[in-house]
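This is target_29.cif. It holds mmCIF, C-alpha atoms (C1' of nucleotides).
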```cif
data_upload
loop_
_atom_site.label_atom_id
_atom_site.label_comp_id
_atom_site.auth_asym_id
_atom_site.auth_seq_id
_atom_site.Cartn_x
_atom_site.Cartn_y
_atom_site.Cartn_z
CA MET L 161 12.69 -7.03 -57.22
CA TYR L 162 10.72 -7.26 -60.44
CA THR L 163 11.56 -7.26 -64.14
CA ILE L 164 9.92 -4.82 -66.52
CA GLY L 165 7.73 -7.64 -67.84
CA GLN L 166 6.39 -8.45 -64.39
CA VAL L 167 5.64 -4.79 -63.64
CA SER L 168 3.93 -4.51 -67.02
CA GLU L 169 1.66 -7.40 -65.97
CA MET L 170 1.02 -6.03 -62.47
CA PHE L 171 0.00 -2.57 -63.69
CA SER L 172 -1.47 -3.59 -67.06
CA LEU L 173 0.88 -1.17 -68.77
CA PRO L 174 2.82 -1.92 -71.98
CA VAL L 175 6.52 -2.55 -71.47
CA SER L 176 7.18 0.28 -73.93
CA THR L 177 5.33 2.70 -71.65
CA LEU L 178 7.45 1.74 -68.65
CA ARG L 179 10.62 2.25 -70.67
CA TYR L 180 9.26 5.59 -71.86
CA TYR L 181 8.57 6.67 -68.26
CA ASP L 182 12.08 5.64 -67.32
CA LYS L 183 13.56 7.59 -70.23
CA GLU L 184 11.56 10.63 -69.13
CA GLY L 185 13.17 10.39 -65.69
CA LEU L 186 10.20 9.11 -63.71
CA PHE L 187 12.25 6.47 -61.88
CA PRO L 188 15.34 8.34 -60.76
CA GLY L 189 18.00 6.04 -59.40
CA MET L 190 16.33 2.80 -60.47
CA GLU L 191 18.70 -0.11 -60.12
CA ARG L 192 20.02 -2.14 -63.05
CA GLN L 193 21.74 -5.49 -63.25
CA SER L 194 23.94 -5.74 -66.37
CA GLY L 195 21.70 -3.29 -68.19
CA ILE L 196 18.41 -4.83 -67.07
CA ARG L 197 16.00 -2.67 -65.06
CA LYS L 198 15.18 -3.91 -61.56
CA PHE L 199 11.92 -2.50 -60.18
CA SER L 200 11.84 -2.45 -56.38
CA GLU L 201 8.99 -1.56 -54.03
CA ARG L 202 10.13 2.05 -54.37
CA GLU L 203 9.49 2.03 -58.12
CA LEU L 204 6.11 0.35 -57.64
CA GLU L 205 5.05 3.10 -55.24
CA ALA L 206 6.42 5.66 -57.71
CA LEU L 207 4.25 4.07 -60.38
CA ARG L 208 1.18 4.34 -58.16
CA VAL L 209 1.92 8.02 -57.64
CA ILE L 210 2.55 8.49 -61.37
CA GLU L 211 -0.86 7.02 -62.19
CA CYS L 212 -2.48 9.21 -59.54
CA LEU L 213 -0.81 12.41 -60.76
CA LYS L 214 -1.53 11.55 -64.38
CA ARG L 215 -5.23 11.07 -63.66
CA SER L 216 -5.15 14.37 -61.78
CA GLY L 217 -4.17 16.01 -65.07
CA LEU L 218 -0.43 16.45 -64.59
CA GLU L 219 1.99 16.18 -67.50
CA ILE L 220 4.93 13.81 -67.59
CA LYS L 221 7.52 16.55 -67.15
CA GLU L 222 5.75 17.90 -64.10
CA ILE L 223 5.73 14.39 -62.63
CA LYS L 224 9.43 14.22 -63.37
CA GLN L 225 9.88 17.45 -61.41
CA PHE L 226 8.10 15.84 -58.46
CA MET L 227 10.36 12.79 -58.63
CA GLU L 228 13.38 15.09 -58.57
CA TRP L 229 12.02 16.77 -55.46
CA CYS L 230 11.75 13.37 -53.83
CA VAL L 231 15.43 12.74 -54.51
CA GLU L 232 16.38 16.14 -53.08
CA GLY L 233 15.06 15.17 -49.67
CA ALA L 234 13.33 16.93 -46.79
CA SER L 235 14.03 20.45 -48.08
CA THR L 236 11.39 19.99 -50.79
CA TYR L 237 8.51 18.88 -48.54
CA PRO L 238 6.82 22.29 -48.97
CA GLU L 239 6.94 22.11 -52.79
CA ARG L 240 5.63 18.57 -52.77
CA LYS L 241 2.82 19.49 -50.43
CA LYS L 242 1.87 22.49 -52.57
CA LEU L 243 1.76 20.23 -55.61
CA PHE L 244 -0.61 17.75 -53.98
CA GLU L 245 -2.82 20.56 -52.65
CA ALA L 246 -3.05 22.01 -56.14
CA ARG L 247 -3.89 18.66 -57.70
CA ARG L 248 -6.47 17.98 -55.02
CA LYS L 249 -8.15 21.26 -55.83
CA ALA L 250 -7.97 20.58 -59.57
CA VAL L 251 -9.52 17.13 -59.16
CA GLU L 252 -12.27 18.46 -56.91
CA GLU L 253 -13.13 20.98 -59.61
CA GLU L 254 -13.01 18.28 -62.26
CA MET L 255 -15.45 16.21 -60.20
CA LEU L 256 -17.90 19.11 -60.17
CA ARG L 257 -17.60 19.48 -63.93
CA LEU L 258 -18.08 15.75 -64.35
CA GLN L 259 -21.17 15.88 -62.15
CA LYS L 260 -22.67 18.46 -64.50
CA THR L 261 -21.67 16.33 -67.46
CA LEU L 262 -23.35 13.36 -65.84
CA ASP L 263 -26.55 15.31 -65.27
CA MET L 264 -26.58 16.33 -68.92
CA LEU L 265 -26.08 12.70 -69.98
CA ARG L 266 -28.86 11.52 -67.67
CA PHE L 267 -31.13 14.19 -69.03
CA LYS L 268 -30.35 13.09 -72.58
CA CYS L 269 -31.05 9.45 -71.68
CA TRP L 270 -34.48 10.46 -70.41
CA TYR L 271 -34.95 12.71 -73.44
CA TYR L 272 -34.38 9.95 -75.98
CA ASP L 273 -36.36 7.47 -73.92
CA THR L 274 -39.28 9.86 -74.15
CA ALA L 275 -38.66 10.64 -77.83
CA MET L 276 -38.72 6.91 -78.60
CA GLN L 277 -42.03 6.49 -76.77
CA ASP L 278 -43.56 9.49 -78.51
CA GLY L 279 -42.01 8.73 -81.90
CA SER L 280 -41.00 12.39 -82.16
CA GLU L 281 -39.48 15.28 -80.24
CA ASP L 282 -42.56 17.51 -80.65
CA ARG L 283 -43.92 17.07 -77.14
CA LEU L 284 -40.40 17.37 -75.67
CA SER L 285 -39.72 20.73 -77.31
CA GLU L 286 -42.93 22.04 -75.71
CA MET L 287 -41.82 20.80 -72.27
CA ILE L 288 -38.32 22.34 -72.30
CA PRO L 289 -37.36 24.06 -70.09
CA ASP L 290 -40.31 24.76 -67.78
CA ASP L 291 -42.69 21.81 -68.03
CA LEU L 292 -40.25 19.00 -67.34
CA PRO L 293 -40.93 16.46 -64.56
CA PRO L 294 -39.32 17.80 -61.36
CA GLU L 295 -36.51 15.21 -61.18
CA ILE L 296 -35.64 15.76 -64.83
CA LYS L 297 -35.78 19.53 -64.50
CA LYS L 298 -33.16 19.29 -61.76
CA LEU L 299 -30.82 17.45 -64.15
CA TYR L 300 -31.54 19.89 -66.94
CA ASP L 301 -30.97 22.96 -64.78
CA ASN L 302 -27.73 21.68 -63.29
CA ALA L 303 -26.44 20.67 -66.71
CA HIS L 304 -27.24 24.09 -68.19
CA SER L 305 -26.02 26.20 -65.25
CA MET D 105 -28.12 34.75 -84.59
CA TYR D 106 -24.50 35.10 -83.50
CA THR D 107 -21.16 35.58 -85.23
CA ILE D 108 -18.25 33.26 -84.57
CA GLY D 109 -16.61 35.96 -82.44
CA GLN D 110 -19.66 36.27 -80.20
CA VAL D 111 -19.91 32.51 -79.75
CA SER D 112 -16.19 32.40 -79.01
CA GLU D 113 -16.81 34.89 -76.18
CA MET D 114 -19.92 33.12 -74.88
CA PHE D 115 -18.23 29.72 -74.64
CA SER D 116 -14.68 30.93 -73.95
CA LEU D 117 -13.47 28.95 -76.95
CA PRO D 118 -10.93 30.23 -79.50
CA VAL D 119 -12.43 31.18 -82.86
CA SER D 120 -10.03 28.70 -84.45
CA THR D 121 -11.57 25.89 -82.43
CA LEU D 122 -15.07 26.75 -83.59
CA ARG D 123 -13.90 26.77 -87.20
CA TYR D 124 -12.15 23.45 -86.60
CA TYR D 125 -15.35 21.94 -85.19
CA ASP D 126 -17.26 23.21 -88.19
CA LYS D 127 -14.71 21.73 -90.59
CA GLU D 128 -15.02 18.41 -88.76
CA GLY D 129 -18.77 18.45 -89.40
CA LEU D 130 -20.00 19.20 -85.89
CA PHE D 131 -22.49 21.83 -87.06
CA PRO D 132 -24.25 20.17 -89.99
CA GLY D 133 -26.43 22.59 -91.91
CA MET D 134 -25.19 25.73 -90.14
CA GLU D 135 -26.38 28.85 -91.97
CA ARG D 136 -24.06 31.29 -93.72
CA GLN D 137 -24.56 34.83 -94.99
CA SER D 138 -22.15 35.66 -97.82
CA GLY D 139 -19.61 33.21 -96.47
CA ILE D 140 -19.94 34.23 -92.83
CA ARG D 141 -21.09 31.63 -90.30
CA LYS D 142 -24.34 32.37 -88.48
CA PHE D 143 -24.69 30.50 -85.18
CA SER D 144 -28.34 30.04 -84.17
CA GLU D 145 -29.79 28.61 -80.94
CA ARG D 146 -29.50 25.19 -82.59
CA GLU D 147 -25.71 25.55 -82.91
CA LEU D 148 -25.42 26.82 -79.34
CA GLU D 149 -27.25 23.73 -78.05
CA ALA D 150 -25.05 21.60 -80.33
CA LEU D 151 -22.02 23.23 -78.72
CA ARG D 152 -23.34 22.43 -75.24
CA VAL D 153 -23.75 18.80 -76.29
CA ILE D 154 -20.29 18.79 -77.88
CA GLU D 155 -18.72 20.00 -74.64
CA CYS D 156 -20.67 17.40 -72.68
CA LEU D 157 -19.70 14.54 -74.98
CA LYS D 158 -16.09 15.67 -75.09
CA ARG D 159 -15.84 15.74 -71.32
CA SER D 160 -17.40 12.28 -71.30
CA GLY D 161 -14.36 11.12 -73.28
CA LEU D 162 -15.80 10.99 -76.81
CA GLU D 163 -13.64 11.80 -79.83
CA ILE D 164 -14.52 14.45 -82.38
CA LYS D 165 -15.40 11.94 -85.10
CA GLU D 166 -17.78 10.10 -82.80
CA ILE D 167 -19.46 13.40 -81.97
CA LYS D 168 -19.74 14.01 -85.70
CA GLN D 169 -21.49 10.66 -86.03
CA PHE D 170 -23.98 11.76 -83.37
CA MET D 171 -24.64 15.03 -85.21
CA GLU D 172 -25.31 13.04 -88.38
CA TRP D 173 -27.82 10.90 -86.48
CA CYS D 174 -29.59 14.08 -85.40
CA VAL D 175 -29.94 15.12 -89.04
CA GLU D 176 -31.30 11.70 -90.00
CA GLY D 177 -34.30 12.16 -87.74
CA ALA D 178 -36.50 9.95 -85.57
CA SER D 179 -35.17 6.68 -87.00
CA THR D 180 -31.89 7.16 -85.09
CA TYR D 181 -33.39 7.73 -81.61
CA PRO D 182 -32.24 4.25 -80.49
CA GLU D 183 -28.63 4.84 -81.56
CA ARG D 184 -28.57 8.21 -79.87
CA LYS D 185 -30.00 6.79 -76.68
CA LYS D 186 -27.48 3.95 -76.67
CA LEU D 187 -24.70 6.50 -77.08
CA PHE D 188 -25.82 8.54 -74.09
CA GLU D 189 -26.30 5.42 -71.95
CA ALA D 190 -22.76 4.33 -72.80
CA ARG D 191 -21.30 7.74 -72.00
CA ARG D 192 -23.25 7.87 -68.75
CA LYS D 193 -21.75 4.56 -67.73
CA ALA D 194 -18.26 5.67 -68.77
CA VAL D 195 -18.52 8.89 -66.76
CA GLU D 196 -19.84 7.06 -63.70
CA GLU D 197 -16.80 4.79 -63.87
CA GLU D 198 -14.51 7.78 -64.36
CA MET D 199 -16.00 9.39 -61.25
CA LEU D 200 -15.11 6.30 -59.23
CA ARG D 201 -11.55 6.38 -60.53
CA LEU D 202 -11.33 10.09 -59.74
CA GLN D 203 -12.62 9.44 -56.22
CA LYS D 204 -9.72 7.05 -55.66
CA THR D 205 -7.33 9.59 -57.14
CA LEU D 206 -8.71 12.20 -54.80
CA ASP D 207 -8.24 9.94 -51.78
CA MET D 208 -4.63 9.38 -52.79
CA LEU D 209 -4.09 13.13 -53.15
CA ARG D 210 -5.70 13.80 -49.76
CA PHE D 211 -3.53 11.13 -48.22
CA LYS D 212 -0.41 12.72 -49.74
CA CYS D 213 -1.47 16.16 -48.45
CA TRP D 214 -1.68 14.74 -44.95
CA TYR D 215 1.56 12.84 -45.50
CA TYR D 216 3.58 15.93 -46.39
CA ASP D 217 1.91 17.98 -43.69
CA THR D 218 3.13 15.40 -41.22
CA ALA D 219 6.56 15.13 -42.82
CA MET D 220 6.96 18.91 -42.55
CA GLN D 221 6.02 18.86 -38.87
CA ASP D 222 8.39 15.96 -38.16
CA GLY D 223 11.14 17.25 -40.44
CA SER D 224 11.50 13.75 -41.87
CA GLU D 225 9.55 10.75 -43.15
CA ASP D 226 10.97 8.38 -40.54
CA ARG D 227 7.90 8.27 -38.30
CA LEU D 228 5.60 8.07 -41.35
CA SER D 229 7.31 5.01 -42.79
CA GLU D 230 6.77 3.28 -39.43
CA MET D 231 3.06 4.15 -39.49
CA ILE D 232 2.31 2.92 -43.02
CA PRO D 233 0.10 1.02 -43.57
CA ASP D 234 -1.26 -0.19 -40.23
CA ASP D 235 -0.69 2.57 -37.67
CA LEU D 236 -2.26 5.46 -39.54
CA PRO D 237 -5.00 7.58 -37.92
CA PRO D 238 -8.37 5.99 -38.79
CA GLU D 239 -9.52 8.75 -41.17
CA ILE D 240 -6.19 8.72 -43.00
CA LYS D 241 -6.11 4.94 -43.17
CA LYS D 242 -9.47 5.06 -44.97
CA LEU D 243 -7.98 7.35 -47.64
CA TYR D 244 -4.85 5.21 -47.92
CA ASP D 245 -6.79 1.96 -48.24
CA ASN D 246 -9.19 3.29 -50.84
CA ALA D 247 -6.37 4.81 -52.85
CA HIS D 248 -4.39 1.55 -52.82
CA SER D 249 -7.32 -0.83 -53.50
"C1'" DC Y 74 24.60 -25.39 -82.06
"C1'" DC Y 75 20.91 -22.77 -82.73
"C1'" DT Y 76 16.47 -21.01 -81.84
"C1'" DT Y 77 13.32 -18.79 -78.72
"C1'" DG Y 78 12.03 -15.39 -75.48
"C1'" DA Y 79 12.89 -11.54 -72.46
"C1'" DC Y 80 15.52 -7.94 -72.13
"C1'" DC Y 81 18.09 -3.56 -74.23
"C1'" DT Y 82 18.71 1.16 -77.31
"C1'" DA Y 83 18.03 5.07 -80.44
"C1'" DA Y 84 15.26 6.94 -83.70
"C1'" DA Y 85 11.31 7.41 -86.30
"C1'" DG Y 86 6.34 7.19 -86.56
"C1'" DT Y 87 1.48 7.91 -84.96
"C1'" DC Y 88 -2.62 10.15 -83.29
"C1'" DA Y 89 -6.00 13.57 -81.72
"C1'" DA Y 90 -7.02 18.04 -81.16
"C1'" DG Y 91 -6.17 21.90 -81.97
"C1'" DT Y 92 -3.15 26.31 -83.54
"C1'" DT Y 93 -0.69 29.08 -86.65
"C1'" DC Y 94 0.30 31.00 -91.04
"C1'" DA Y 95 -0.19 33.24 -95.43
"C1'" DG Y 96 -3.12 35.34 -98.16
"C1'" DG Y 97 -7.81 37.26 -99.15
"C1'" DT Y 98 -12.75 39.81 -98.62
"C1'" DG Y 99 -15.54 43.43 -97.04
"C1'" DC Y 100 -17.36 47.11 -93.83
"C1'" DT Y 101 -16.56 51.47 -91.40
"C1'" DA Y 102 -14.36 55.21 -89.04
"C1'" DT Y 103 -10.75 58.90 -89.69
"C1'" DA J 268 -8.87 56.40 -99.78
"C1'" DT J 269 -6.82 54.01 -96.45
"C1'" DA J 270 -6.25 51.83 -92.07
"C1'" DG J 271 -8.13 48.68 -88.96
"C1'" DC J 272 -11.26 45.06 -87.76
"C1'" DA J 273 -13.73 40.78 -88.02
"C1'" DC J 274 -14.48 37.52 -90.94
"C1'" DC J 275 -12.87 33.73 -94.52
"C1'" DT J 276 -9.76 29.50 -96.54
"C1'" DG J 277 -6.36 25.68 -97.10
"C1'" DA J 278 -2.28 23.96 -95.54
"C1'" DA J 279 1.37 23.43 -92.52
"C1'" DC J 280 2.77 23.15 -87.85
"C1'" DT J 281 2.62 21.84 -82.81
"C1'" DT J 282 2.15 19.08 -78.60
"C1'" DG J 283 2.00 15.22 -75.51
"C1'" DA J 284 2.12 10.62 -74.83
"C1'" DC J 285 3.03 6.90 -76.48
"C1'" DT J 286 4.20 3.04 -80.06
"C1'" DT J 287 6.77 0.95 -83.56
"C1'" DT J 288 10.87 -0.33 -85.88
"C1'" DA J 289 15.38 -2.03 -86.55
"C1'" DG J 290 19.06 -3.90 -84.70
"C1'" DG J 291 21.50 -6.05 -80.73
"C1'" DT J 292 22.71 -8.91 -76.01
"C1'" DC J 293 22.17 -12.87 -73.33
"C1'" DA J 294 20.49 -17.27 -70.98
"C1'" DA J 295 17.91 -21.59 -71.24
"C1'" DG J 296 15.85 -25.64 -73.80
"C1'" DG J 297 15.68 -29.12 -77.67
#
```

Could you render the structure from this file as structure tokens?
Amino acid sequence: MYTIGQVSEMFSLPVSTLRYYDKEGLFPGMERQSGIRKFSERELEALRVIECLKRSGLEIKEIKQFMEWCVEGASTYPERKKLFEARRKAVEEEMLRLQKTLDMLRFKCWYYDTAMQDGSEDRLSEMIPDDLPPEIKKLYDNAHS
Amino acid sequence: MYTIGQVSEMFSLPVSTLRYYDKEGLFPGMERQSGIRKFSERELEALRVIECLKRSGLEIKEIKQFMEWCVEGASTYPERKKLFEARRKAVEEEMLRLQKTLDMLRFKCWYYDTAMQDGSEDRLSEMIPDDLPPEIKKLYDNAHS
DNA sequence: CCTTGACCTAAAGTCAAGTTCAGGTGCTAT
DNA sequence: ATAGCACCTGAACTTGACTTTAGGTCAAGG
């Protein structure tokens, strides 16, 4: 059993954020001792799932919905599974978008490296898009596709 | 040369967003004909960079700063390069975090698949964390590391 | 005894990134 | 000539996720 301060330390989250999550219903049935929140292993695992779902792009109220399903028991397994499938798909798509973003950033790093060597962008504007070095052209094409 | 409506179509962005970006200074020196914005190839490339930098986690005012550097000319190549290097690093880190998120989501998909077959989580709670199938244990371990 | 530190609440405040609103201009098709 | 678009502006509003504030409880240490 942990206090809110200990959990704040463990997860590097402000105490105010943990209280906010609690107020929003993200720890249904959390125990209290004379008003003071007691975080058990169950709440720590909930917090891990919260962080996962948040990073997957879910909003707080949708996470709350999930936590309610967990309380409801076995009858909501299908809903919970559908949720995780949907988030998995969303994150896989996000990874693809990020890969394109990364290729654009890498291209721009090369671009400004070259501009600094040349002292101008004149030669670069001649090269784009067809006379780029092969490796760089790959980045450019993926970023602009 | 394109109107704001055409650019809105091309980038699937609301017209109001394009006007907001303009007001925030993200298209310095954009042309106008009797009050009406004219988007040239320069603004379209700016928009591609804006979307890239936004996805990399940059705020609008930092993107504005970048656009101002572009106007200043060759003397700001080093700043611009540093910016792209920093964003590249940030996105690479974000990809790692997302990979862990994805492993957690894949683990949960398997988890609820299994729970649905069993009709309960009893067997699962016995298996976690040491008696999971090897492939699943990999996901679990990476997600919880 | 009284101060300090960790906990509590409800309510108000903040911030970024848009979106919406109210009112206005100007072309063109009926 | 008038209705309907696509464009314009400044200002107010919205949303989500926190954070801050103001005021209060309670146990331990000096």

Legend entry - D:Gly139, D:Pro182, D:Pro132, D:Pro233 ranked by distance to chain L, top pick (using only C-alpha atoms): D:Pro182

Inset, instruction - Output the residue selection produced by the PyMOL selection byres ((chain D and resi 108) around 9) on the file above, formatted as a PyMOL selection string. - result: (chain D and resi 106-107+109-113+119+122-123+140-143) or (chain J and resi 274)

Legend entry - Hits from the PyMOL selection byres ((chain D) within 9 of (chain L)), listed as an MDAnalysis selection string: chainID D and resid 152:153 155:157 159:160 177:179 181:182 184:189 191:192 195:196 198:199 201:210 212:217 219:220 223:225 247:248

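Interface residues of chain Y facing chain L, defined by any atom at most 8 Å away and using all atoms listed in the file, are DA79, DC80 and DC81 of chain Y.
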
Can you list what the PyMOL selection byres ((chain J and resi 277-290) around 10) grabs from this structure, as a JSON list (two decimals) with C-alpha atoms (C1' of nucleotides), keeping the file's coordinate frame?
```json
[["chain", "number", "residue", "atom", "x", "y", "z"],
["L", 174, "PRO", "CA", 2.82, -1.92, -71.98],
["L", 176, "SER", "CA", 7.18, 0.28, -73.93],
["L", 177, "THR", "CA", 5.33, 2.70, -71.65],
["L", 180, "TYR", "CA", 9.26, 5.59, -71.86],
["L", 181, "TYR", "CA", 8.57, 6.67, -68.26],
["L", 219, "GLU", "CA", 1.99, 16.18, -67.50],
["L", 220, "ILE", "CA", 4.93, 13.81, -67.59],
["Y", 82, "DT", "C1'", 18.71, 1.16, -77.31],
["Y", 83, "DA", "C1'", 18.03, 5.07, -80.44],
["Y", 84, "DA", "C1'", 15.26, 6.94, -83.70],
["Y", 85, "DA", "C1'", 11.31, 7.41, -86.30],
["Y", 86, "DG", "C1'", 6.34, 7.19, -86.56],
["Y", 87, "DT", "C1'", 1.48, 7.91, -84.96],
["Y", 88, "DC", "C1'", -2.62, 10.15, -83.29],
["Y", 90, "DA", "C1'", -7.02, 18.04, -81.16],
["Y", 91, "DG", "C1'", -6.17, 21.90, -81.97],
["Y", 92, "DT", "C1'", -3.15, 26.31, -83.54],
["Y", 93, "DT", "C1'", -0.69, 29.08, -86.65],
["Y", 94, "DC", "C1'", 0.30, 31.00, -91.04],
["Y", 95, "DA", "C1'", -0.19, 33.24, -95.43],
["J", 276, "DT", "C1'", -9.76, 29.50, -96.54],
["J", 291, "DG", "C1'", 21.50, -6.05, -80.73]]
```

Any chance you could fit chain L onto chain D with least squares, all Cα atoms in order, and share the moved copy as a CSV table (one decimal) with C-alpha atoms, keeping the file's coordinate frame?
```csv
chain,number,residue,atom,x,y,z
L,161,MET,CA,-28.3,34.7,-84.8
L,162,TYR,CA,-24.7,35.1,-83.7
L,163,THR,CA,-21.3,35.6,-85.4
L,164,ILE,CA,-18.4,33.3,-84.7
L,165,GLY,CA,-16.8,36.0,-82.6
L,166,GLN,CA,-19.8,36.3,-80.4
L,167,VAL,CA,-20.0,32.6,-79.9
L,168,SER,CA,-16.3,32.5,-79.1
L,169,GLU,CA,-17.0,35.1,-76.4
L,170,MET,CA,-20.0,33.2,-75.0
L,171,PHE,CA,-18.3,29.9,-74.7
L,172,SER,CA,-14.8,31.1,-74.1
L,173,LEU,CA,-13.5,29.1,-77.0
L,174,PRO,CA,-11.0,30.4,-79.6
L,175,VAL,CA,-12.5,31.3,-83.0
L,176,SER,CA,-10.1,28.8,-84.6
L,177,THR,CA,-11.6,26.0,-82.5
L,178,LEU,CA,-15.1,26.8,-83.7
L,179,ARG,CA,-14.0,26.8,-87.3
L,180,TYR,CA,-12.2,23.5,-86.7
L,181,TYR,CA,-15.4,22.0,-85.2
L,182,ASP,CA,-17.3,23.2,-88.2
L,183,LYS,CA,-14.7,21.8,-90.6
L,184,GLU,CA,-15.0,18.4,-88.8
L,185,GLY,CA,-18.8,18.4,-89.4
L,186,LEU,CA,-20.0,19.2,-85.9
L,187,PHE,CA,-22.5,21.8,-87.1
L,188,PRO,CA,-24.2,20.1,-90.0
L,189,GLY,CA,-26.4,22.5,-91.9
L,190,MET,CA,-25.3,25.6,-90.2
L,191,GLU,CA,-26.5,28.7,-92.1
L,192,ARG,CA,-24.2,31.2,-93.9
L,193,GLN,CA,-24.7,34.6,-95.2
L,194,SER,CA,-22.3,35.4,-98.1
L,195,GLY,CA,-19.8,33.0,-96.6
L,196,ILE,CA,-20.1,34.1,-93.0
L,197,ARG,CA,-21.2,31.6,-90.4
L,198,LYS,CA,-24.5,32.3,-88.6
L,199,PHE,CA,-24.8,30.5,-85.3
L,200,SER,CA,-28.4,30.0,-84.3
L,201,GLU,CA,-29.9,28.6,-81.0
L,202,ARG,CA,-29.5,25.2,-82.6
L,203,GLU,CA,-25.8,25.5,-83.0
L,204,LEU,CA,-25.5,26.8,-79.4
L,205,GLU,CA,-27.3,23.8,-78.1
L,206,ALA,CA,-25.0,21.6,-80.3
L,207,LEU,CA,-22.0,23.3,-78.8
L,208,ARG,CA,-23.3,22.5,-75.3
L,209,VAL,CA,-23.7,18.9,-76.3
L,210,ILE,CA,-20.3,18.9,-77.9
L,211,GLU,CA,-18.7,20.1,-74.6
L,212,CYS,CA,-20.6,17.5,-72.7
L,213,LEU,CA,-19.6,14.6,-75.0
L,214,LYS,CA,-16.0,15.8,-75.1
L,215,ARG,CA,-15.8,15.9,-71.3
L,216,SER,CA,-17.3,12.4,-71.3
L,217,GLY,CA,-14.3,11.3,-73.2
L,218,LEU,CA,-15.7,11.1,-76.8
L,219,GLU,CA,-13.6,11.9,-79.8
L,220,ILE,CA,-14.5,14.5,-82.4
L,221,LYS,CA,-15.3,12.0,-85.1
L,222,GLU,CA,-17.7,10.2,-82.7
L,223,ILE,CA,-19.4,13.5,-81.9
L,224,LYS,CA,-19.7,14.1,-85.7
L,225,GLN,CA,-21.4,10.7,-86.0
L,226,PHE,CA,-23.9,11.8,-83.3
L,227,MET,CA,-24.6,15.0,-85.2
L,228,GLU,CA,-25.3,13.0,-88.3
L,229,TRP,CA,-27.7,10.9,-86.4
L,230,CYS,CA,-29.5,14.0,-85.4
L,231,VAL,CA,-29.9,15.1,-89.0
L,232,GLU,CA,-31.2,11.6,-89.9
L,233,GLY,CA,-34.2,12.1,-87.7
L,234,ALA,CA,-36.4,9.9,-85.5
L,235,SER,CA,-35.0,6.6,-86.9
L,236,THR,CA,-31.8,7.1,-85.0
L,237,TYR,CA,-33.3,7.7,-81.5
L,238,PRO,CA,-32.1,4.2,-80.4
L,239,GLU,CA,-28.5,4.8,-81.5
L,240,ARG,CA,-28.5,8.2,-79.8
L,241,LYS,CA,-29.9,6.8,-76.6
L,242,LYS,CA,-27.3,4.0,-76.6
L,243,LEU,CA,-24.6,6.6,-77.0
L,244,PHE,CA,-25.7,8.6,-74.0
L,245,GLU,CA,-26.2,5.5,-71.9
L,246,ALA,CA,-22.6,4.4,-72.7
L,247,ARG,CA,-21.2,7.8,-71.9
L,248,ARG,CA,-23.2,8.0,-68.7
L,249,LYS,CA,-21.7,4.7,-67.7
L,250,ALA,CA,-18.2,5.8,-68.7
L,251,VAL,CA,-18.4,9.0,-66.7
L,252,GLU,CA,-19.8,7.2,-63.7
L,253,GLU,CA,-16.7,4.9,-63.8
L,254,GLU,CA,-14.4,7.9,-64.3
L,255,MET,CA,-16.0,9.5,-61.2
L,256,LEU,CA,-15.1,6.4,-59.2
L,257,ARG,CA,-11.5,6.5,-60.5
L,258,LEU,CA,-11.3,10.2,-59.7
L,259,GLN,CA,-12.6,9.6,-56.2
L,260,LYS,CA,-9.7,7.1,-55.6
L,261,THR,CA,-7.3,9.7,-57.1
L,262,LEU,CA,-8.7,12.3,-54.7
L,263,ASP,CA,-8.2,10.0,-51.7
L,264,MET,CA,-4.6,9.4,-52.7
L,265,LEU,CA,-4.1,13.1,-53.1
L,266,ARG,CA,-5.6,13.8,-49.7
L,267,PHE,CA,-3.5,11.1,-48.1
L,268,LYS,CA,-0.4,12.7,-49.7
L,269,CYS,CA,-1.4,16.1,-48.4
L,270,TRP,CA,-1.6,14.7,-44.9
L,271,TYR,CA,1.6,12.7,-45.4
L,272,TYR,CA,3.7,15.8,-46.3
L,273,ASP,CA,2.0,17.8,-43.6
L,274,THR,CA,3.2,15.2,-41.1
L,275,ALA,CA,6.6,14.9,-42.7
L,276,MET,CA,7.1,18.7,-42.5
L,277,GLN,CA,6.2,18.6,-38.8
L,278,ASP,CA,8.5,15.7,-38.1
L,279,GLY,CA,11.3,17.0,-40.3
L,280,SER,CA,11.6,13.5,-41.8
L,281,GLU,CA,9.6,10.5,-43.1
L,282,ASP,CA,11.0,8.1,-40.5
L,283,ARG,CA,7.9,8.0,-38.3
L,284,LEU,CA,5.6,7.9,-41.3
L,285,SER,CA,7.3,4.8,-42.8
L,286,GLU,CA,6.7,3.0,-39.4
L,287,MET,CA,3.0,4.0,-39.5
L,288,ILE,CA,2.2,2.8,-43.0
L,289,PRO,CA,0.0,0.9,-43.6
L,290,ASP,CA,-1.4,-0.3,-40.2
L,291,ASP,CA,-0.8,2.4,-37.7
L,292,LEU,CA,-2.3,5.3,-39.5
L,293,PRO,CA,-5.0,7.5,-37.9
L,294,PRO,CA,-8.4,5.9,-38.8
L,295,GLU,CA,-9.5,8.7,-41.1
L,296,ILE,CA,-6.2,8.7,-42.9
L,297,LYS,CA,-6.2,4.9,-43.1
L,298,LYS,CA,-9.5,5.1,-44.9
L,299,LEU,CA,-8.0,7.4,-47.6
L,300,TYR,CA,-4.9,5.2,-47.9
L,301,ASP,CA,-6.9,2.0,-48.2
L,302,ASN,CA,-9.3,3.4,-50.8
L,303,ALA,CA,-6.4,4.9,-52.8
L,304,HIS,CA,-4.5,1.6,-52.8
L,305,SER,CA,-7.5,-0.7,-53.5
```

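Of the listed residues (D:Cys174, D:Asn246, D:Gln137, D:Asp234), D:Gln137 comes nearest to chain J; the distances count all atoms listed in the file.
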
Legend entry - For chain D, the nearest of the candidates J:DT269, J:DG297, J:DC275, J:DT292, counting all atoms listed in the file: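 Checking each candidate against chain D, we get J:DC275 as the closest.
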